[in-house]
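**Student:** Just entry-v6.pdb, nothing more (PDB, C-alpha atoms and all ligand atoms):
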ATOM      1  CA  MET A   8     -10.230  14.251 -11.453
ATOM      2  CA  LYS A   9      -8.249  12.621  -8.641
ATOM      3  CA  LEU A  10      -5.219  10.385  -8.495
ATOM      4  CA  ILE A  11      -5.575   7.629  -5.935
ATOM      5  CA  ILE A  12      -2.240   6.249  -4.790
ATOM      6  CA  ALA A  13      -2.722   3.010  -2.884
ATOM      7  CA  VAL A  14       0.059   0.995  -1.257
ATOM      8  CA  VAL A  15      -1.179  -2.570  -0.878
ATOM      9  CA  GLN A  16       0.286  -5.853   0.244
ATOM     10  CA  ASP A  17       1.357  -8.162  -2.562
ATOM     11  CA  LYS A  18      -1.134 -10.784  -1.339
ATOM     12  CA  ASP A  19      -4.029  -8.437  -2.165
ATOM     13  CA  VAL A  20      -2.815  -7.392  -5.604
ATOM     14  CA  SER A  21      -4.563  -9.959  -7.788
ATOM     15  CA  LYS A  22      -7.910  -9.459  -6.059
ATOM     16  CA  LEU A  23      -7.700  -5.685  -6.372
ATOM     17  CA  SER A  24      -6.466  -5.833  -9.973
ATOM     18  CA  GLU A  25      -9.360  -8.095 -10.964
ATOM     19  CA  ARG A  26     -11.908  -5.836  -9.272
ATOM     20  CA  LEU A  27     -10.540  -2.699 -10.946
ATOM     21  CA  VAL A  28     -10.578  -4.298 -14.404
ATOM     22  CA  LYS A  29     -14.096  -5.632 -13.827
ATOM     23  CA  GLU A  30     -15.298  -2.168 -12.831
ATOM     24  CA  GLY A  31     -13.585  -0.515 -15.804
ATOM     25  CA  ILE A  32     -11.198   1.530 -13.693
ATOM     26  CA  GLY A  33      -7.798   2.202 -15.231
ATOM     27  CA  ALA A  34      -4.782   1.560 -13.016
ATOM     28  CA  THR A  35      -1.013   1.240 -13.087
ATOM     29  CA  LYS A  36       0.867  -1.051 -10.718
ATOM     30  CA  LEU A  37       4.332  -0.214  -9.476
ATOM     31  CA  ALA A  38       6.577  -2.579  -7.549
ATOM     32  CA  SER A  39       7.455  -0.813  -4.295
ATOM     33  CA  THR A  40       9.177  -1.470  -0.986
ATOM     34  CA  GLY A  41       7.982  -0.530   2.488
ATOM     35  CA  GLY A  42      10.373   1.798   4.251
ATOM     36  CA  PHE A  43       9.911   0.089   7.615
ATOM     37  CA  LEU A  44       9.719  -3.640   6.834
ATOM     38  CA  ARG A  45      11.804  -3.287   3.669
ATOM     39  CA  ALA A  46       9.526  -5.898   2.163
ATOM     40  CA  GLY A  47       7.955  -5.735  -1.254
ATOM     41  CA  ASN A  48       4.527  -4.219  -1.678
ATOM     42  CA  THR A  49       2.643  -2.805  -4.645
ATOM     43  CA  THR A  50       1.614   0.757  -5.348
ATOM     44  CA  PHE A  51      -1.448   1.350  -7.519
ATOM     45  CA  LEU A  52      -1.879   4.617  -9.403
ATOM     46  CA  VAL A  53      -5.547   5.040 -10.190
ATOM     47  CA  GLY A  54      -6.854   8.082 -12.055
ATOM     48  CA  VAL A  55     -10.608   8.532 -11.646
ATOM     49  CA  ASP A  56     -13.249  11.169 -12.210
ATOM     50  CA  ASP A  57     -14.429  12.825  -9.000
ATOM     51  CA  GLU A  58     -17.734  10.967  -8.954
ATOM     52  CA  ARG A  59     -15.959   7.589  -8.974
ATOM     53  CA  VAL A  60     -13.562   8.334  -6.115
ATOM     54  CA  GLU A  61     -15.766   6.960  -3.324
ATOM     55  CA  SER A  62     -16.651   3.736  -5.133
ATOM     56  CA  THR A  63     -12.996   3.190  -6.062
ATOM     57  CA  LEU A  64     -11.944   3.692  -2.437
ATOM     58  CA  GLN A  65     -14.592   1.160  -1.411
ATOM     59  CA  THR A  66     -13.215  -1.324  -3.952
ATOM     60  CA  ILE A  67      -9.730  -0.886  -2.512
ATOM     61  CA  LYS A  68     -11.073  -1.255   1.017
ATOM     62  CA  ASP A  69     -12.968  -4.439   0.131
ATOM     63  CA  SER A  70      -9.966  -5.998  -1.616
ATOM     64  CA  CYS A  71      -7.269  -5.409   0.984
ATOM     65  CA  ARG A  72      -7.079  -6.725   4.505
ATOM     66  CA  ALA A  73      -4.840  -6.183   7.498
ATOM     67  CA  ARG A  74      -2.340  -8.878   8.424
ATOM     68  CA  GLU A  75       0.058  -9.388  11.285
ATOM     69  CA  GLN A  76       3.675  -9.619  10.251
ATOM     70  CA  LEU A  77       6.636 -10.565  12.394
ATOM     71  CA  VAL A  78       9.689  -8.367  12.129
ATOM     72  CA  THR A  79      13.007  -8.891  13.843
ATOM     73  CA  PRO A  80      14.650  -5.556  14.576
ATOM     74  CA  MET A  81      18.209  -5.398  15.865
ATOM     75  CA  SER A  82      18.458  -3.779  19.303
ATOM     76  CA  PRO A  83      21.689  -2.649  20.909
ATOM     77  CA  LEU A  84      22.740  -4.633  24.004
ATOM     78  CA  GLY A  85      25.133  -2.759  26.245
ATOM     79  CA  SER A  86      27.462  -0.076  25.003
ATOM     80  CA  GLN A  87      29.384  -2.000  22.355
ATOM     81  CA  VAL A  88      28.126  -1.408  18.832
ATOM     82  CA  GLU A  89      28.676  -5.049  17.823
ATOM     83  CA  ALA A  90      26.699  -6.459  20.802
ATOM     84  CA  TYR A  91      23.163  -6.921  19.485
ATOM     85  CA  VAL A  92      20.185  -9.010  20.467
ATOM     86  CA  SER A  93      17.218  -9.545  18.171
ATOM     87  CA  PHE A  94      13.677 -10.485  19.083
ATOM     88  CA  PRO A  95      10.628 -10.671  16.857
ATOM     89  CA  ILE A  96       7.823  -8.170  17.235
ATOM     90  CA  SER A  97       4.475  -8.220  15.510
ATOM     91  CA  VAL A  98       3.262  -5.297  13.402
ATOM     92  CA  GLN A  99      -0.075  -4.903  11.682
ATOM     93  CA  VAL A 100       0.285  -4.201   7.977
ATOM     94  CA  GLY A 101      -2.520  -2.802   5.859
ATOM     95  CA  GLY A 102      -5.209  -3.142   4.535
ATOM     96  CA  ALA A 103      -4.152  -0.350   2.172
ATOM     97  CA  THR A 104      -2.408   2.985   2.674
ATOM     98  CA  VAL A 105      -4.186   5.434   0.407
ATOM     99  CA  PHE A 106      -3.534   8.984  -0.747
ATOM    100  CA  VAL A 107      -6.046  10.961  -2.814
ATOM    101  CA  VAL A 108      -4.593  13.912  -4.700
ATOM    102  CA  ASP A 109      -6.004  16.459  -7.139
ATOM    103  CA  VAL A 110      -5.035  16.083 -10.779
ATOM    104  CA  ASP A 111      -4.338  19.337 -12.639
ATOM    105  CA  GLN A 112      -4.364  17.768 -16.071
ATOM    106  CA  PHE A 113      -4.896  14.296 -17.511
ATOM    107  CA  LEU A 114      -3.355  13.954 -20.940
ATOM    108  CA  GLN A 115      -2.901  10.987 -23.221
ATOM    109  CA  PHE A 116      -0.849  11.502 -26.382
TER     110      PHE A 116
HETATM  111  P1  LIG A 201       6.245  -0.404   5.699
HETATM  112  O1  LIG A 201       6.919   0.908   5.759
HETATM  113  O2  LIG A 201       7.114  -1.595   5.454
HETATM  114  O3  LIG A 201       5.431  -0.585   7.072
HETATM  115  C1  LIG A 201       4.797  -1.806   7.397
HETATM  116  C2  LIG A 201       4.047  -1.674   8.705
HETATM  117  O4  LIG A 201       4.983  -1.460   9.764
HETATM  118  C3  LIG A 201       3.094  -0.473   8.757
HETATM  119  O5  LIG A 201       1.848  -0.865   8.203
HETATM  120  C4  LIG A 201       3.031  -0.157  10.233
HETATM  121  O6  LIG A 201       2.094  -0.996  10.909
HETATM  122  C5  LIG A 201       4.422  -0.563  10.721
HETATM  123  N1  LIG A 201       5.321   0.582  10.817
HETATM  124  C6  LIG A 201       5.712   1.418   9.831
HETATM  125  N2  LIG A 201       6.580   2.330  10.288
HETATM  126  C7  LIG A 201       6.759   2.061  11.589
HETATM  127  C8  LIG A 201       7.552   2.633  12.641
HETATM  128  N3  LIG A 201       8.353   3.679  12.397
HETATM  129  N4  LIG A 201       7.476   2.083  13.878
HETATM  130  C9  LIG A 201       6.686   1.013  14.116
HETATM  131  N5  LIG A 201       5.930   0.416  13.174
HETATM  132  C10 LIG A 201       5.945   0.935  11.947
HETATM  133  P2  LIG A 201       0.974   0.210   7.403
HETATM  134  O7  LIG A 201       0.871   1.485   8.187
HETATM  135  O8  LIG A 201      -0.279  -0.477   7.026
HETATM  136  O9  LIG A 201       1.811   0.566   6.089
HETATM  137  C11 LIG A 201       1.958  -0.362   5.015
HETATM  138  C12 LIG A 201       2.882   0.216   3.967
HETATM  139  O10 LIG A 201       2.278   1.415   3.442
HETATM  140  C13 LIG A 201       4.236   0.669   4.487
HETATM  141  O11 LIG A 201       5.139  -0.419   4.557
HETATM  142  C14 LIG A 201       4.653   1.704   3.431
HETATM  143  O12 LIG A 201       5.119   1.054   2.254
HETATM  144  C15 LIG A 201       3.321   2.364   3.116
HETATM  145  N6  LIG A 201       3.122   3.566   3.929
HETATM  146  C16 LIG A 201       2.596   3.645   5.167
HETATM  147  N7  LIG A 201       2.536   4.917   5.602
HETATM  148  C17 LIG A 201       3.044   5.661   4.611
HETATM  149  C18 LIG A 201       3.264   7.064   4.432
HETATM  150  N8  LIG A 201       2.942   7.978   5.389
HETATM  151  N9  LIG A 201       3.832   7.483   3.278
HETATM  152  C19 LIG A 201       4.149   6.607   2.292
HETATM  153  N10 LIG A 201       3.963   5.266   2.395
HETATM  154  C20 LIG A 201       3.426   4.809   3.533
END
Write out the structure in this file as structure tokens.
**Tutor:**
Amino acid sequence: MKLIIAVVQDKDVSKLSERLVKEGIGATKLASTGGFLRAGNTTFLVGVDDERVESTLQTIKDSCRAREQLVTPMSPLGSQVEAYVSFPISVQVGGATVFVVDVDQFLQF
């Protein structure tokens, strides 16, 4: 068994949730925050038997798409700490960031 941990954009959550339910794949959703953008995203925990890993990854891939997001970092201007200028830059977010890890035991009490 594997645990698939997938960080997805909030805009893709309902589509992915619906697909997982339809395909009978159990999942848990956690509200999470990206370390870089500090914007909300959603982390799915999906436990699946080994033979369903590839199809589950394909479901995640099909449900999540990349988007451009503008971020305005603060950049120092000159030597004074309080002198800052900000300008927006575009970063590509997603589709999904996925980790697949081995599960030692799966227990339900
Ligand atoms: P964030 O950390 O908010 O990152 C959003 C997007 O910003 C990233 O998209 C990437 O394009 C860009 N980015 C991240 N760190 C950067 C940096 N130091 N410099 C320049 N640009 C940077 P994705 O790579 O698609 O990641 C989407 C979200 O997936 C991330 O949101 C984070 O929540 C998660 N994630 C990505 N890589 C991860 C990792 N190695 N471990 C855990 N979570 C990760």
**Student:** Leu52 (chain A): which residues within 12 Å, counting only C-alpha atoms, same-chain residues fewer than 5 positions away excluded, as a JSON list (two decimals) with C-alpha atoms, in the coordinates of the input?
**Tutor:**
[["chain", "number", "residue", "atom", "x", "y", "z"],
["A", 9, "LYS", "CA", -8.25, 12.62, -8.64],
["A", 10, "LEU", "CA", -5.22, 10.38, -8.49],
["A", 11, "ILE", "CA", -5.58, 7.63, -5.94],
["A", 12, "ILE", "CA", -2.24, 6.25, -4.79],
["A", 13, "ALA", "CA", -2.72, 3.01, -2.88],
["A", 14, "VAL", "CA", 0.06, 1.00, -1.26],
["A", 15, "VAL", "CA", -1.18, -2.57, -0.88],
["A", 24, "SER", "CA", -6.47, -5.83, -9.97],
["A", 27, "LEU", "CA", -10.54, -2.70, -10.95],
["A", 32, "ILE", "CA", -11.20, 1.53, -13.69],
["A", 33, "GLY", "CA", -7.80, 2.20, -15.23],
["A", 34, "ALA", "CA", -4.78, 1.56, -13.02],
["A", 35, "THR", "CA", -1.01, 1.24, -13.09],
["A", 36, "LYS", "CA", 0.87, -1.05, -10.72],
["A", 37, "LEU", "CA", 4.33, -0.21, -9.48],
["A", 38, "ALA", "CA", 6.58, -2.58, -7.55],
["A", 39, "SER", "CA", 7.46, -0.81, -4.30],
["A", 63, "THR", "CA", -13.00, 3.19, -6.06],
["A", 67, "ILE", "CA", -9.73, -0.89, -2.51],
["A", 105, "VAL", "CA", -4.19, 5.43, 0.41],
["A", 106, "PHE", "CA", -3.53, 8.98, -0.75],
["A", 107, "VAL", "CA", -6.05, 10.96, -2.81],
["A", 108, "VAL", "CA", -4.59, 13.91, -4.70],
["A", 110, "VAL", "CA", -5.04, 16.08, -10.78]]
**Student:** For Glu75 (chain A), which residue out of A:Val60, A:Val100, A:Val53, A:Leu23 is the nearest one, using only C-alpha atoms?
**Tutor:**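 So, comparing all the options, the nearest one is A:Val100.
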**Student:** Could you list, as a ChimeraX atom specification, all the residues within 10 Å of ligand LIG 201 (chain A), counting all atoms listed in the file?
**Tutor:** /A:12-16,39-50,72-78,96-106
**Student:** Go ahead and compute the interatomic distance for CA of Phe113 (chain A) and CA of Cys71 (chain A), in Å to one decimal.
**Tutor:**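 So the answer is 27.1 Å.
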**Student:** Select, from A:Gly31, A:Met8, A:Arg26, A:Pro80, the residue with the minimum atom-to-atom distance to Gln65 (chain A), counting all atoms listed in the file.
**Tutor:** A:Arg26
**Student:** Could you state the separation of CA of Asp111 (chain A) and CA of Glu58 (chain A) in Å, given to one decimal place?
**Tutor:**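 Atom-to-atom, CA of Asp111 (chain A) to CA of Glu58 (chain A), that is 16.2 Å.
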**Student:** One decimal, Å: what's the distance from CA of Asp109 (chain A) over to CA of Val20 (chain A), could you say?
**Tutor:**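 So the answer is 24.1 Å.
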